[in-house]
Amino acid sequence: MRILTAIALLLFANMAVARDLAMPQGDVLLTVTGAIENTNADGAAAFDRSMIEALAQRDTTTKTPWFDTERTFSGPLGHAILDAVGATGKTLRIYALNEYSADVLTQDFRDHAVILATHIDGSVIRVRDKGPLFLIYPFNEVPELFNEVYFGRSVWQIARIEVID
């Protein structure tokens with residue numbers, strides 16, 4: 001009996017850490033792979049728009065080098081995506097639709113209110129306008145982020161993220 005109890009406890013402990021995500025019902029906007037614990041596909045976590053919008057959201061009004069005026073960006077907090085997939089790695093390789101990629105420290109998502117913007121000034125970001133997802137740092141709130149290092153990490157037209165140990 002003790003052996004069965006021990007096995008049951010181990011199974012329940014593993015279920016508490018790793019969980020399956022809901023399946024996307026619409027078009028997949030983001031796929032996360034790599035060092036993650038929570039999936040809904042073969043080793044991957046796929047998110048449609050409603051799944052992304054169900055995560056903790058934030059608005060960031062900021063100046064960027066890509067627009068002439070301050071804009072308000074809205075979307076899920078980066079750390080909410082990491083938490084949803086159970087990310088365990090230290091680096092995120094973020095890929096755009098055209099396969100451009102940039103490495104971003106996981107800690108950036110934890111230390112700063114980074115968002116994956118889905119909207120600019122209340123409108124959905126279209127692919128031709130840097131969408132569907134655009135990594136935005138809170139440049140106005142943390143002025144020391146307004147530099148070439150963080151501009152290079154601000155990938156737009158994001159399609160997937162690989163979490164690397």
# chains A, B, ... in the order shown; residues from 1 in each chain; ligands from 1
$ select_by_dssp --residues "stretch 15-155 of chain A" --states "helix (DSSP H, G or I)" --output "ChimeraX atom specification"
/A:15-17,49-53,78-85,106-111,127-129,143-145,148-153
$ residues_around --residues "A:Phe139" --least-positions-apart "5" --cutoff "10 Å" --atoms "only C-alpha atoms" --output "MDAnalysis selection string"
chainID A and resid 60:64 112:114 144:147 150:151
$ write_last_selection --atoms "N, CA and C atoms" --output "PDB file, in the first residue's frame"
ATOM      1  N   THR A  60       1.294  50.216 -22.530  1.00  0.00           N
ATOM      2  CA  THR A  60       2.543  50.952 -22.387  1.00  0.00           C
ATOM      3  C   THR A  60       2.516  52.101 -23.379  1.00  0.00           C
ATOM      4  N   THR A  61       2.505  53.318 -22.864  1.00  0.00           N
ATOM      5  CA  THR A  61       2.586  54.485 -23.738  1.00  0.00           C
ATOM      6  C   THR A  61       4.040  54.926 -23.738  1.00  0.00           C
ATOM      7  N   THR A  62       4.642  54.911 -24.921  1.00  0.00           N
ATOM      8  CA  THR A  62       6.071  55.173 -24.984  1.00  0.00           C
ATOM      9  C   THR A  62       6.494  55.676 -26.357  1.00  0.00           C
ATOM     10  N   LYS A  63       7.622  56.337 -26.341  1.00  0.00           N
ATOM     11  CA  LYS A  63       8.294  56.724 -27.575  1.00  0.00           C
ATOM     12  C   LYS A  63       9.148  55.534 -28.006  1.00  0.00           C
ATOM     13  N   THR A  64       9.232  55.303 -29.304  1.00  0.00           N
ATOM     14  CA  THR A  64      10.094  54.254 -29.851  1.00  0.00           C
ATOM     15  C   THR A  64      10.830  54.828 -31.053  1.00  0.00           C
ATOM     16  N   HIS A 112      11.369  43.780 -16.249  1.00  0.00           N
ATOM     17  CA  HIS A 112      10.731  44.937 -16.881  1.00  0.00           C
ATOM     18  C   HIS A 112       9.316  44.554 -17.320  1.00  0.00           C
ATOM     19  N   ALA A 113       8.465  45.515 -17.433  1.00  0.00           N
ATOM     20  CA  ALA A 113       7.084  45.265 -17.861  1.00  0.00           C
ATOM     21  C   ALA A 113       7.029  45.157 -19.389  1.00  0.00           C
ATOM     22  N   VAL A 114       7.809  44.207 -19.918  1.00  0.00           N
ATOM     23  CA  VAL A 114       7.851  43.946 -21.357  1.00  0.00           C
ATOM     24  C   VAL A 114       6.506  43.359 -21.772  1.00  0.00           C
ATOM     25  N   GLU A 144      16.798  54.111 -19.378  1.00  0.00           N
ATOM     26  CA  GLU A 144      18.064  53.461 -19.708  1.00  0.00           C
ATOM     27  C   GLU A 144      17.888  52.299 -20.688  1.00  0.00           C
ATOM     28  N   LEU A 145      16.653  51.875 -20.922  1.00  0.00           N
ATOM     29  CA  LEU A 145      16.385  50.838 -21.922  1.00  0.00           C
ATOM     30  C   LEU A 145      16.352  51.402 -23.340  1.00  0.00           C
ATOM     31  N   PHE A 146      16.270  52.718 -23.460  1.00  0.00           N
ATOM     32  CA  PHE A 146      16.162  53.355 -24.774  1.00  0.00           C
ATOM     33  C   PHE A 146      17.552  53.421 -25.410  1.00  0.00           C
ATOM     34  N   ASN A 147      17.989  52.260 -25.920  1.00  0.00           N
ATOM     35  CA  ASN A 147      19.299  52.191 -26.575  1.00  0.00           C
ATOM     36  C   ASN A 147      19.315  51.032 -27.570  1.00  0.00           C
ATOM     37  N   TYR A 150      18.465  47.240 -26.573  1.00  0.00           N
ATOM     38  CA  TYR A 150      17.052  46.882 -26.405  1.00  0.00           C
ATOM     39  C   TYR A 150      16.251  47.091 -27.682  1.00  0.00           C
ATOM     40  N   PHE A 151      16.667  48.019 -28.528  1.00  0.00           N
ATOM     41  CA  PHE A 151      16.007  48.149 -29.829  1.00  0.00           C
ATOM     42  C   PHE A 151      16.188  46.851 -30.621  1.00  0.00           C
TER      43      PHE A 151
END
$ residues_around --residues "A:Arg49" --least-positions-apart "3" --cutoff "10 Å" --atoms "only C-alpha atoms" --output "count of residues only"
12
$ residues_around --residues "A:Leu116" --least-positions-apart "5" --cutoff "6 Å" --atoms "only C-alpha atoms" --output "compact mmCIF listing (two decimals) with N, CA and C atoms, in the first residue's frame"
# COMPACT_ATOMS: atom_id res chain seq x y z
N GLY A 75 -0.92 44.63 -24.84
CA GLY A 75 -0.74 43.20 -25.07
C GLY A 75 -0.36 42.49 -23.79
N PRO A 76 -0.13 41.19 -23.89
CA PRO A 76 0.18 40.41 -22.70
C PRO A 76 1.58 40.73 -22.18
N LEU A 133 2.47 40.36 -33.38
CA LEU A 133 3.02 40.59 -32.04
C LEU A 133 4.31 41.39 -32.18
N PHE A 134 4.50 42.35 -31.27
CA PHE A 134 5.64 43.25 -31.33
C PHE A 134 6.16 43.40 -29.90
N LEU A 135 7.41 42.98 -29.66
CA LEU A 135 7.99 43.06 -28.32
C LEU A 135 8.31 44.51 -27.99
$ residues_around --residues "A:Leu55" --least-positions-apart "5" --cutoff "10 Å" --atoms "only C-alpha atoms" --output "PyMOL selection string"
chain A and resi 50+75-81+83-84
$ write_last_selection --atoms "N, CA and C atoms" --output "PDB file, in the first residue's frame"
ATOM      1  N   SER A  50      -7.357  34.600 -28.773  1.00  0.00           N
ATOM      2  CA  SER A  50      -8.129  34.614 -27.526  1.00  0.00           C
ATOM      3  C   SER A  50      -7.295  34.109 -26.350  1.00  0.00           C
ATOM      4  N   GLY A  75      -0.920  44.626 -24.836  1.00  0.00           N
ATOM      5  CA  GLY A  75      -0.736  43.204 -25.066  1.00  0.00           C
ATOM      6  C   GLY A  75      -0.362  42.494 -23.792  1.00  0.00           C
ATOM      7  N   PRO A  76      -0.134  41.188 -23.894  1.00  0.00           N
ATOM      8  CA  PRO A  76       0.182  40.412 -22.699  1.00  0.00           C
ATOM      9  C   PRO A  76       1.578  40.733 -22.179  1.00  0.00           C
ATOM     10  N   LEU A  77       1.697  40.706 -20.868  1.00  0.00           N
ATOM     11  CA  LEU A  77       3.007  40.844 -20.243  1.00  0.00           C
ATOM     12  C   LEU A  77       3.866  39.654 -20.642  1.00  0.00           C
ATOM     13  N   GLY A  78       5.119  39.922 -20.925  1.00  0.00           N
ATOM     14  CA  GLY A  78       6.034  38.848 -21.308  1.00  0.00           C
ATOM     15  C   GLY A  78       6.109  37.757 -20.258  1.00  0.00           C
ATOM     16  N   HIS A  79       6.151  38.160 -18.996  1.00  0.00           N
ATOM     17  CA  HIS A  79       6.256  37.142 -17.944  1.00  0.00           C
ATOM     18  C   HIS A  79       4.995  36.284 -17.852  1.00  0.00           C
ATOM     19  N   ALA A  80       3.852  36.800 -18.291  1.00  0.00           N
ATOM     20  CA  ALA A  80       2.622  35.999 -18.292  1.00  0.00           C
ATOM     21  C   ALA A  80       2.733  34.855 -19.303  1.00  0.00           C
ATOM     22  N   ILE A  81       3.386  35.112 -20.424  1.00  0.00           N
ATOM     23  CA  ILE A  81       3.607  34.056 -21.413  1.00  0.00           C
ATOM     24  C   ILE A  81       4.574  33.018 -20.849  1.00  0.00           C
ATOM     25  N   ASP A  83       5.113  32.314 -17.737  1.00  0.00           N
ATOM     26  CA  ASP A  83       4.420  31.561 -16.695  1.00  0.00           C
ATOM     27  C   ASP A  83       3.441  30.554 -17.298  1.00  0.00           C
ATOM     28  N   ALA A  84       2.739  30.945 -18.347  1.00  0.00           N
ATOM     29  CA  ALA A  84       1.744  30.054 -18.963  1.00  0.00           C
ATOM     30  C   ALA A  84       2.389  28.794 -19.520  1.00  0.00           C
TER      31      ALA A  84
END
$ atom_distance --atom1 "atom CA of A:Trp156" --atom2 "atom CA of A:Asn140"
18.8 Å
$ select_by_dssp --residues "chain A" --states "strand (DSSP E or B)" --output "JSON, numbers by chain"
{"A": [28, 29, 30, 31, 32, 33, 34, 41, 44, 45, 46, 47, 48, 57, 58, 59, 60, 61, 62, 71, 72, 73, 74, 75, 76, 77, 91, 92, 93, 94, 95, 96, 101, 102, 103, 104, 105, 115, 116, 117, 119, 120, 123, 124, 134, 135, 136, 156, 158, 159, 160, 161, 162, 163, 164]}
$ closest_residue --among "A:Val155, A:Ile120, A:Val149, A:Ala22" --to "A:Phe67" --atoms "only C-alpha atoms"
A:Ile120
$ closest_residue --among "A:Val142, A:Thr33, A:Glu148, A:Val127" --to "A:Leu97" --atoms "only C-alpha atoms"
A:Val127
$ closest_residue --among "A:Thr69, A:Gln57, A:Ser154, A:Asn38" --to "A:Tyr137" --atoms "only C-alpha atoms"
A:Ser154
$ residues_around --residues "A:His119" --least-positions-apart "4" --cutoff "6 Å" --atoms "only C-alpha atoms" --output "PyMOL selection string"
chain A and resi 73-74+123-125
$ write_last_selection --atoms "N, CA and C atoms" --output "PDB file, in the first residue's frame"
ATOM      1  N   PHE A  73       0.872  50.980 -26.720  1.00  0.00           N
ATOM      2  CA  PHE A  73       0.930  49.577 -27.097  1.00  0.00           C
ATOM      3  C   PHE A  73       0.217  48.770 -26.024  1.00  0.00           C
ATOM      4  N   SER A  74      -0.526  47.764 -26.436  1.00  0.00           N
ATOM      5  CA  SER A  74      -1.262  46.908 -25.502  1.00  0.00           C
ATOM      6  C   SER A  74      -1.014  45.457 -25.864  1.00  0.00           C
ATOM      7  N   SER A 123      -5.903  49.688 -31.840  1.00  0.00           N
ATOM      8  CA  SER A 123      -6.183  48.900 -33.047  1.00  0.00           C
ATOM      9  C   SER A 123      -5.269  47.681 -33.109  1.00  0.00           C
ATOM     10  N   VAL A 124      -5.831  46.572 -33.572  1.00  0.00           N
ATOM     11  CA  VAL A 124      -5.040  45.359 -33.741  1.00  0.00           C
ATOM     12  C   VAL A 124      -3.887  45.662 -34.692  1.00  0.00           C
ATOM     13  N   ILE A 125      -2.691  45.185 -34.334  1.00  0.00           N
ATOM     14  CA  ILE A 125      -1.523  45.405 -35.194  1.00  0.00           C
ATOM     15  C   ILE A 125      -1.558  44.388 -36.331  1.00  0.00           C
TER      16      ILE A 125
END
$ closest_residue --among "A:Val32, A:Ile158, A:Leu82, A:Ile164" --to "A:Ala56" --atoms "only C-alpha atoms"
A:Leu82
$ residues_around --residues "A:Ala102" --least-positions-apart "5" --cutoff "7 Å" --atoms "only C-alpha atoms" --output "PyMOL selection string"
chain A and resi 93-95+153+155
$ write_last_selection --atoms "N, CA and C atoms" --output "compact mmCIF listing (two decimals), in the first residue's frame"
# COMPACT_ATOMS: atom_id res chain seq x y z
N ARG A 93 14.93 32.92 -27.72
CA ARG A 93 15.25 33.25 -29.10
C ARG A 93 13.91 33.55 -29.75
N ILE A 94 13.73 34.81 -30.10
CA ILE A 94 12.44 35.28 -30.61
C ILE A 94 12.55 35.42 -32.13
N TYR A 95 11.64 34.75 -32.83
CA TYR A 95 11.66 34.70 -34.29
C TYR A 95 10.50 35.50 -34.87
N ARG A 153 16.48 43.90 -29.47
CA ARG A 153 15.68 42.83 -28.87
C ARG A 153 14.18 43.01 -29.14
N VAL A 155 11.78 42.67 -31.25
CA VAL A 155 11.39 42.00 -32.49
C VAL A 155 9.93 42.31 -32.80
